[in-house]
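Asker: Take a look at the following structure, please.
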Amino acid sequence: MEFLLSNLVNPALDWGLKVLDAPAVRAVIFGTSIGGHIFVDVLLLLVIIYLLSQKSYKPPKRPLTENEIDELCDEWVPEPLIPPITEEITHETPVLESAAGPHAIINGKEVVNFASANYLGLIGHEKLLDSCTSALEKYGVGSCGPRGFYGTIDVHLDCEARIAKFLGTPDSILYSYGLSTMFSAIPAFCKKGDIVVVDEGVHWGIQNGLQLSKGTIVNFKHNDMNSLQNTLERITAENKRAKKLRRYIVVEAIYQNSGQIAPLDEIVRLKEKYRFRVLLDESNSFGVLGRSGRGLTEYCGVPVEKIDIVTAAMGHALATEGGFCTGSARVIDHQRLSSSGYVFSASLPPYLASAAITAIDVLEENPGLLTKLKANVALLLKELSVVPGLLIASSPESPIVYLRLERSTGSMKDDQHLLEDIAARVLNEDSLLVVVSKRSKLDKCHLPVGIKFFVSAAHTESDLMKAADSLKRAASLVLKGC
């Protein structure tokens, strides 16, 4: 039996070795002769075919029972729609029970209001009320349609023309909401692949507009022209395609998060040197800066035509609502076709457009409003310059007087708690309403938090002195030992 098996196996092995050693199946790899590669290749091919033919998922042999389905459903936990609400993000804002003028009612108590950006004191102005009343009687409350679909009313065109005439630009476009101006105007021009150089301290509305644009965002240090120049130089030198891309510089005239005024003359110089376009938000400077309230361009002596795109909210100095963008006819016409906030939103209620026209008329007829506002800012800055533990961070002519801690605790959250304690104390003890800057999870601004005073031309000297005295007492008590 063994002899028979030996006679069968040995010839088979000899034949296999002859086949593997044949010249046709030899391969030379890195100078070394390898035999039998065809056999190995065929074997690997069979293994691959076998693996590909196998099902990656084998269904259960029997369907799930009702109880098993219920158990699986009970075990499944969906992702939450919103992040968990923690104590640090819960905040109850004071509720006004009157107009947001220099004096307001909160919880039945009259307070001195430094929390509203009523810069010219036009809230409740008789001419604005009369203008709104007449418009309400003529047009009703809302427009019930976007501008391109029976939502354009003659007063909208009048308001756009009035703004353009006041600022000395060819044309303007109205938006129905202040923040939607930045949300919409920025993405209308900045597209994917474009380069946008932006100040790190811009407010959330600009941040959101930039995010929607999907452009390449590059930040420079807050209001630092050396940082801006270095950033522009680096982008121009490192990116070979930079000159072929659309490039923008985005800044605020008066920064809402610091109260500082942008040096527009220097920004324009850098813009022209490196061939960038400038988008300027004048929300807190329109009606405030300059000899006649025409904004940062007048304040810095820069011709408005050197600024490519100017945006502003009308809910501050004009004491109305909505926003506008002004510039060349091409810039405005492009937005009428491509700006989402203009194309798809119901147009600005006509009575608000009428109020904006009247507010500009009042500003031109009463230059003393600007003089009074500047005097109030100067007086408050003088009195607040000696508040213990707090430093003034805002520019001297800014109506946003911004105070930050002289010595930070090292934690933004702890700094904010200290400032909120001061704000609560002046409200409860001295009936003074001020704003503490808050940073939401969506806000990417990392400037120091602080206390903001929105100064109005309607504030009296006694209001300003009361504010300074109250803050000095509260700060000395809360920051004692810090």
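Identifiers for the structure tokens are assigned positionally: chains receive A, B, ... in sequence, residues are indexed from 1 per chain, and ligands are indexed from 1 in the order shown.
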Please provide as a PyMOL selection string all residues within 8 Å of A:Asp171, with the sequence filter that same-chain residues fewer than 3 positions apart are discarded (counting only C-alpha atoms).
Answerer: chain A and resi 160-161+164+326-329+332
Asker: Could you list, as a short mmCIF file (atom, residue, chain, number, x, y, z; two decimals) with N, CA, C and O atoms, in the first residue's frame, every residue within 8 Å of stretch 466-481 of chain A, counting only C-alpha atoms and ignoring same-chain residues fewer than 4 positions away?
Answerer:
```cif
data_model
loop_
_atom_site.label_atom_id
_atom_site.label_comp_id
_atom_site.auth_asym_id
_atom_site.auth_seq_id
_atom_site.Cartn_x
_atom_site.Cartn_y
_atom_site.Cartn_z
N LEU A 380 -18.42 112.64 30.16
CA LEU A 380 -18.46 111.31 30.78
C LEU A 380 -17.07 110.68 30.81
O LEU A 380 -16.68 110.05 31.80
N GLU A 383 -15.09 112.13 33.71
CA GLU A 383 -15.51 111.66 35.03
C GLU A 383 -15.17 110.18 35.24
O GLU A 383 -14.89 109.75 36.37
N LEU A 384 -15.19 109.39 34.16
CA LEU A 384 -14.91 107.95 34.29
C LEU A 384 -13.42 107.62 34.25
O LEU A 384 -13.05 106.46 34.46
N VAL A 386 -11.21 108.17 36.30
CA VAL A 386 -10.63 107.85 37.61
C VAL A 386 -11.41 106.76 38.33
O VAL A 386 -11.31 106.62 39.55
N VAL A 387 -12.17 105.95 37.59
CA VAL A 387 -12.90 104.84 38.22
C VAL A 387 -11.89 103.77 38.65
O VAL A 387 -11.11 103.30 37.82
N PRO A 388 -11.89 103.39 39.93
CA PRO A 388 -10.89 102.41 40.39
C PRO A 388 -11.10 101.03 39.75
O PRO A 388 -12.21 100.51 39.72
N GLY A 389 -10.02 100.46 39.23
CA GLY A 389 -10.05 99.10 38.69
C GLY A 389 -10.52 98.99 37.26
O GLY A 389 -10.52 97.89 36.69
N LEU A 390 -10.93 100.11 36.65
CA LEU A 390 -11.43 100.07 35.27
C LEU A 390 -10.65 101.05 34.40
O LEU A 390 -10.25 102.12 34.87
N LEU A 418 -17.52 89.63 37.28
CA LEU A 418 -17.21 90.84 38.05
C LEU A 418 -17.94 92.05 37.46
O LEU A 418 -18.53 92.86 38.19
N ASP A 421 -21.60 91.95 38.16
CA ASP A 421 -21.89 92.36 39.54
C ASP A 421 -21.94 93.88 39.66
O ASP A 421 -22.79 94.44 40.35
N ILE A 422 -21.01 94.54 38.97
CA ILE A 422 -21.01 96.01 38.99
C ILE A 422 -22.28 96.55 38.35
O ILE A 422 -22.94 97.46 38.89
N ARG A 425 -25.28 96.08 40.55
CA ARG A 425 -25.26 96.97 41.71
C ARG A 425 -25.72 98.38 41.34
O ARG A 425 -26.51 99.00 42.05
N VAL A 426 -25.23 98.91 40.20
CA VAL A 426 -25.63 100.28 39.84
C VAL A 426 -27.11 100.33 39.44
O VAL A 426 -27.77 101.36 39.62
N ASP A 430 -28.74 102.47 42.26
CA ASP A 430 -28.76 103.85 41.75
C ASP A 430 -29.63 104.01 40.51
O ASP A 430 -29.59 105.09 39.88
N LEU A 432 -29.39 102.85 37.45
CA LEU A 432 -28.57 103.15 36.28
C LEU A 432 -28.46 101.89 35.43
O LEU A 432 -28.00 100.85 35.89
N SER A 462 -26.67 116.09 34.68
CA SER A 462 -26.91 115.36 35.93
C SER A 462 -26.95 113.85 35.68
O SER A 462 -26.51 113.07 36.54
#
```
Asker: Do you know which residues are at most 10 Å from A:Leu337 counting only C-alpha atoms, after dropping those on the same chain fewer than 6 positions away, and could you put them as a list of chain:residue names?
Answerer: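 The residues that qualify are A:Gly148, A:Ala188, A:Val343.
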Asker: Using only C-alpha atoms, find the one residue out of A:Leu210, A:Leu136, A:Cys144, A:Ala457 that sits nearest to A:Val288.
Answerer: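 Of all the options, A:Ala457 lies closest to A:Val288.
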Asker: Can you check which residues of stretch 167-264 of chain A DSSP gives as alpha helix (DSSP H) on the backbone and send them as a ChimeraX atom specification?
Answerer: /A:167,178-189,204-213,225-238,264
Asker: Mind writing the picked residues with N, CA and C atoms as a JSON list (two decimals), in the first residue's frame?
Answerer:
```
[["chain", "number", "residue", "atom", "x", "y", "z"],
["A", 167, "LEU", "N", -25.13, 111.24, 1.89],
["A", 167, "LEU", "CA", -23.76, 110.73, 1.94],
["A", 167, "LEU", "C", -22.95, 111.07, 0.71],
["A", 178, "GLY", "N", -31.53, 95.53, 10.31],
["A", 178, "GLY", "CA", -30.17, 96.04, 10.37],
["A", 178, "GLY", "C", -29.11, 94.97, 10.13],
["A", 179, "LEU", "N", -29.16, 93.88, 10.90],
["A", 179, "LEU", "CA", -28.15, 92.84, 10.75],
["A", 179, "LEU", "C", -28.21, 92.15, 9.40],
["A", 180, "SER", "N", -29.41, 92.06, 8.81],
["A", 180, "SER", "CA", -29.52, 91.39, 7.52],
["A", 180, "SER", "C", -28.77, 92.15, 6.43],
["A", 181, "THR", "N", -28.47, 93.42, 6.67],
["A", 181, "THR", "CA", -27.67, 94.18, 5.72],
["A", 181, "THR", "C", -26.30, 93.54, 5.58],
["A", 182, "MET", "N", -25.63, 93.26, 6.71],
["A", 182, "MET", "CA", -24.32, 92.62, 6.66],
["A", 182, "MET", "C", -24.44, 91.15, 6.26],
["A", 183, "PHE", "N", -25.49, 90.46, 6.76],
["A", 183, "PHE", "CA", -25.69, 89.05, 6.40],
["A", 183, "PHE", "C", -25.79, 88.88, 4.89],
["A", 184, "SER", "N", -26.35, 89.88, 4.21],
["A", 184, "SER", "CA", -26.68, 89.74, 2.80],
["A", 184, "SER", "C", -25.69, 90.43, 1.88],
["A", 185, "ALA", "N", -25.25, 91.64, 2.24],
["A", 185, "ALA", "CA", -24.36, 92.38, 1.36],
["A", 185, "ALA", "C", -23.00, 91.70, 1.23],
["A", 186, "ILE", "N", -22.47, 91.17, 2.33],
["A", 186, "ILE", "CA", -21.15, 90.53, 2.26],
["A", 186, "ILE", "C", -21.17, 89.29, 1.36],
["A", 187, "PRO", "N", -22.10, 88.33, 1.56],
["A", 187, "PRO", "CA", -22.11, 87.17, 0.66],
["A", 187, "PRO", "C", -22.46, 87.52, -0.79],
["A", 188, "ALA", "N", -23.11, 88.65, -1.02],
["A", 188, "ALA", "CA", -23.44, 89.04, -2.39],
["A", 188, "ALA", "C", -22.17, 89.35, -3.20],
["A", 189, "PHE", "N", -21.11, 89.75, -2.51],
["A", 189, "PHE", "CA", -19.87, 90.12, -3.21],
["A", 189, "PHE", "C", -18.73, 89.14, -2.93],
["A", 204, "TRP", "N", -20.86, 90.40, 15.60],
["A", 204, "TRP", "CA", -21.31, 89.09, 15.15],
["A", 204, "TRP", "C", -22.01, 89.16, 13.80],
["A", 205, "GLY", "N", -22.68, 90.25, 13.48],
["A", 205, "GLY", "CA", -23.36, 90.35, 12.20],
["A", 205, "GLY", "C", -22.39, 90.23, 11.04],
["A", 206, "ILE", "N", -21.23, 90.89, 11.15],
["A", 206, "ILE", "CA", -20.21, 90.78, 10.11],
["A", 206, "ILE", "C", -19.62, 89.38, 10.09],
["A", 207, "GLN", "N", -19.37, 88.82, 11.26],
["A", 207, "GLN", "CA", -18.83, 87.45, 11.32],
["A", 207, "GLN", "C", -19.75, 86.47, 10.59],
["A", 208, "ASN", "N", -21.03, 86.61, 10.82],
["A", 208, "ASN", "CA", -21.98, 85.69, 10.19],
["A", 208, "ASN", "C", -22.01, 85.89, 8.67],
["A", 209, "GLY", "N", -21.96, 87.15, 8.22],
["A", 209, "GLY", "CA", -21.92, 87.41, 6.80],
["A", 209, "GLY", "C", -20.70, 86.81, 6.14],
["A", 210, "LEU", "N", -19.56, 86.88, 6.81],
["A", 210, "LEU", "CA", -18.34, 86.29, 6.27],
["A", 210, "LEU", "C", -18.43, 84.77, 6.22],
["A", 211, "GLN", "N", -19.04, 84.18, 7.25],
["A", 211, "GLN", "CA", -19.21, 82.72, 7.25],
["A", 211, "GLN", "C", -20.09, 82.27, 6.09],
["A", 212, "LEU", "N", -21.15, 83.03, 5.82],
["A", 212, "LEU", "CA", -22.04, 82.68, 4.72],
["A", 212, "LEU", "C", -21.37, 82.87, 3.37],
["A", 213, "SER", "N", -20.38, 83.73, 3.28],
["A", 213, "SER", "CA", -19.71, 83.99, 2.01],
["A", 213, "SER", "C", -18.83, 82.83, 1.57],
["A", 225, "MET", "N", -2.82, 98.85, 12.56],
["A", 225, "MET", "CA", -2.48, 99.04, 11.15],
["A", 225, "MET", "C", -1.18, 98.34, 10.76],
["A", 226, "ASN", "N", -0.27, 98.16, 11.70],
["A", 226, "ASN", "CA", 0.93, 97.39, 11.40],
["A", 226, "ASN", "C", 0.57, 95.93, 11.11],
["A", 227, "SER", "N", -0.34, 95.39, 11.92],
["A", 227, "SER", "CA", -0.80, 94.02, 11.69],
["A", 227, "SER", "C", -1.52, 93.90, 10.37],
["A", 228, "LEU", "N", -2.34, 94.91, 10.02],
["A", 228, "LEU", "CA", -3.04, 94.89, 8.74],
["A", 228, "LEU", "C", -2.05, 94.91, 7.58],
["A", 229, "GLN", "N", -1.05, 95.80, 7.65],
["A", 229, "GLN", "CA", -0.08, 95.88, 6.56],
["A", 229, "GLN", "C", 0.70, 94.58, 6.42],
["A", 230, "ASN", "N", 1.12, 94.00, 7.54],
["A", 230, "ASN", "CA", 1.86, 92.72, 7.47],
["A", 230, "ASN", "C", 1.00, 91.62, 6.88],
["A", 231, "THR", "N", -0.30, 91.63, 7.22],
["A", 231, "THR", "CA", -1.20, 90.61, 6.68],
["A", 231, "THR", "C", -1.38, 90.78, 5.18],
["A", 232, "LEU", "N", -1.58, 92.00, 4.72],
["A", 232, "LEU", "CA", -1.73, 92.24, 3.28],
["A", 232, "LEU", "C", -0.45, 91.89, 2.53],
["A", 233, "GLU", "N", 0.69, 92.24, 3.13],
["A", 233, "GLU", "CA", 1.99, 91.93, 2.50],
["A", 233, "GLU", "C", 2.19, 90.43, 2.37],
["A", 234, "ARG", "N", 1.85, 89.71, 3.44],
["A", 234, "ARG", "CA", 2.03, 88.26, 3.42],
["A", 234, "ARG", "C", 1.13, 87.58, 2.39],
["A", 235, "ILE", "N", -0.12, 88.03, 2.34],
["A", 235, "ILE", "CA", -1.06, 87.43, 1.38],
["A", 235, "ILE", "C", -0.60, 87.69, -0.05],
["A", 236, "THR", "N", -0.16, 88.91, -0.32],
["A", 236, "THR", "CA", 0.27, 89.26, -1.67],
["A", 236, "THR", "C", 1.54, 88.52, -2.07],
["A", 237, "ALA", "N", 2.45, 88.32, -1.10],
["A", 237, "ALA", "CA", 3.73, 87.69, -1.42],
["A", 237, "ALA", "C", 3.61, 86.17, -1.53],
["A", 238, "GLU", "N", 2.83, 85.55, -0.64],
["A", 238, "GLU", "CA", 2.78, 84.09, -0.58],
["A", 238, "GLU", "C", 1.81, 83.48, -1.59],
["A", 264, "LEU", "N", -9.44, 105.33, 9.09],
["A", 264, "LEU", "CA", -9.82, 105.04, 7.71],
["A", 264, "LEU", "C", -8.80, 105.56, 6.71]]
```
Asker: To one decimal place in Å, what is the distance between atom CA of A:Thr371 and atom CA of A:Glu252?
Answerer: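 Separation between atom CA of A:Thr371 and atom CA of A:Glu252: 22.8 Å.
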Asker: In terms of the shortest atom-to-atom distance over only C-alpha atoms, which of A:Gly215, A:Pro349, A:Gly410, A:Gly450 is closest to A:Arg147?
Answerer: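 The answer is A:Pro349, which sits nearest to A:Arg147.
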Asker: Counting only C-alpha atoms, figure out which residue out of A:Ala346, A:Cys73, A:Leu381, A:Val196 gets nearest to A:Lys214.
Answerer: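 Among the listed residues, the smallest separation from A:Lys214 belongs to A:Val196.
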Asker: Between atom CA of A:Glu406 and atom CA of A:Ile392, what distance in Å does the model show, to one decimal?
Answerer: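 Computing the Euclidean distance for atom CA of A:Glu406 and atom CA of A:Ile392 yields 9.0 Å.
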Asker: Tell me, in Å to one decimal, how far atom CA of A:Leu318 is from atom CA of A:Ala359.
Answerer: 5.5 Å
Asker: Give me the residues within 9 Å of A:His459 as JSON, numbers by chain, counting only C-alpha atoms and dropping any in the same chain fewer than 5 places off.
Answerer: {"A": [102, 103, 112, 113, 114, 121, 373, 376, 464]}
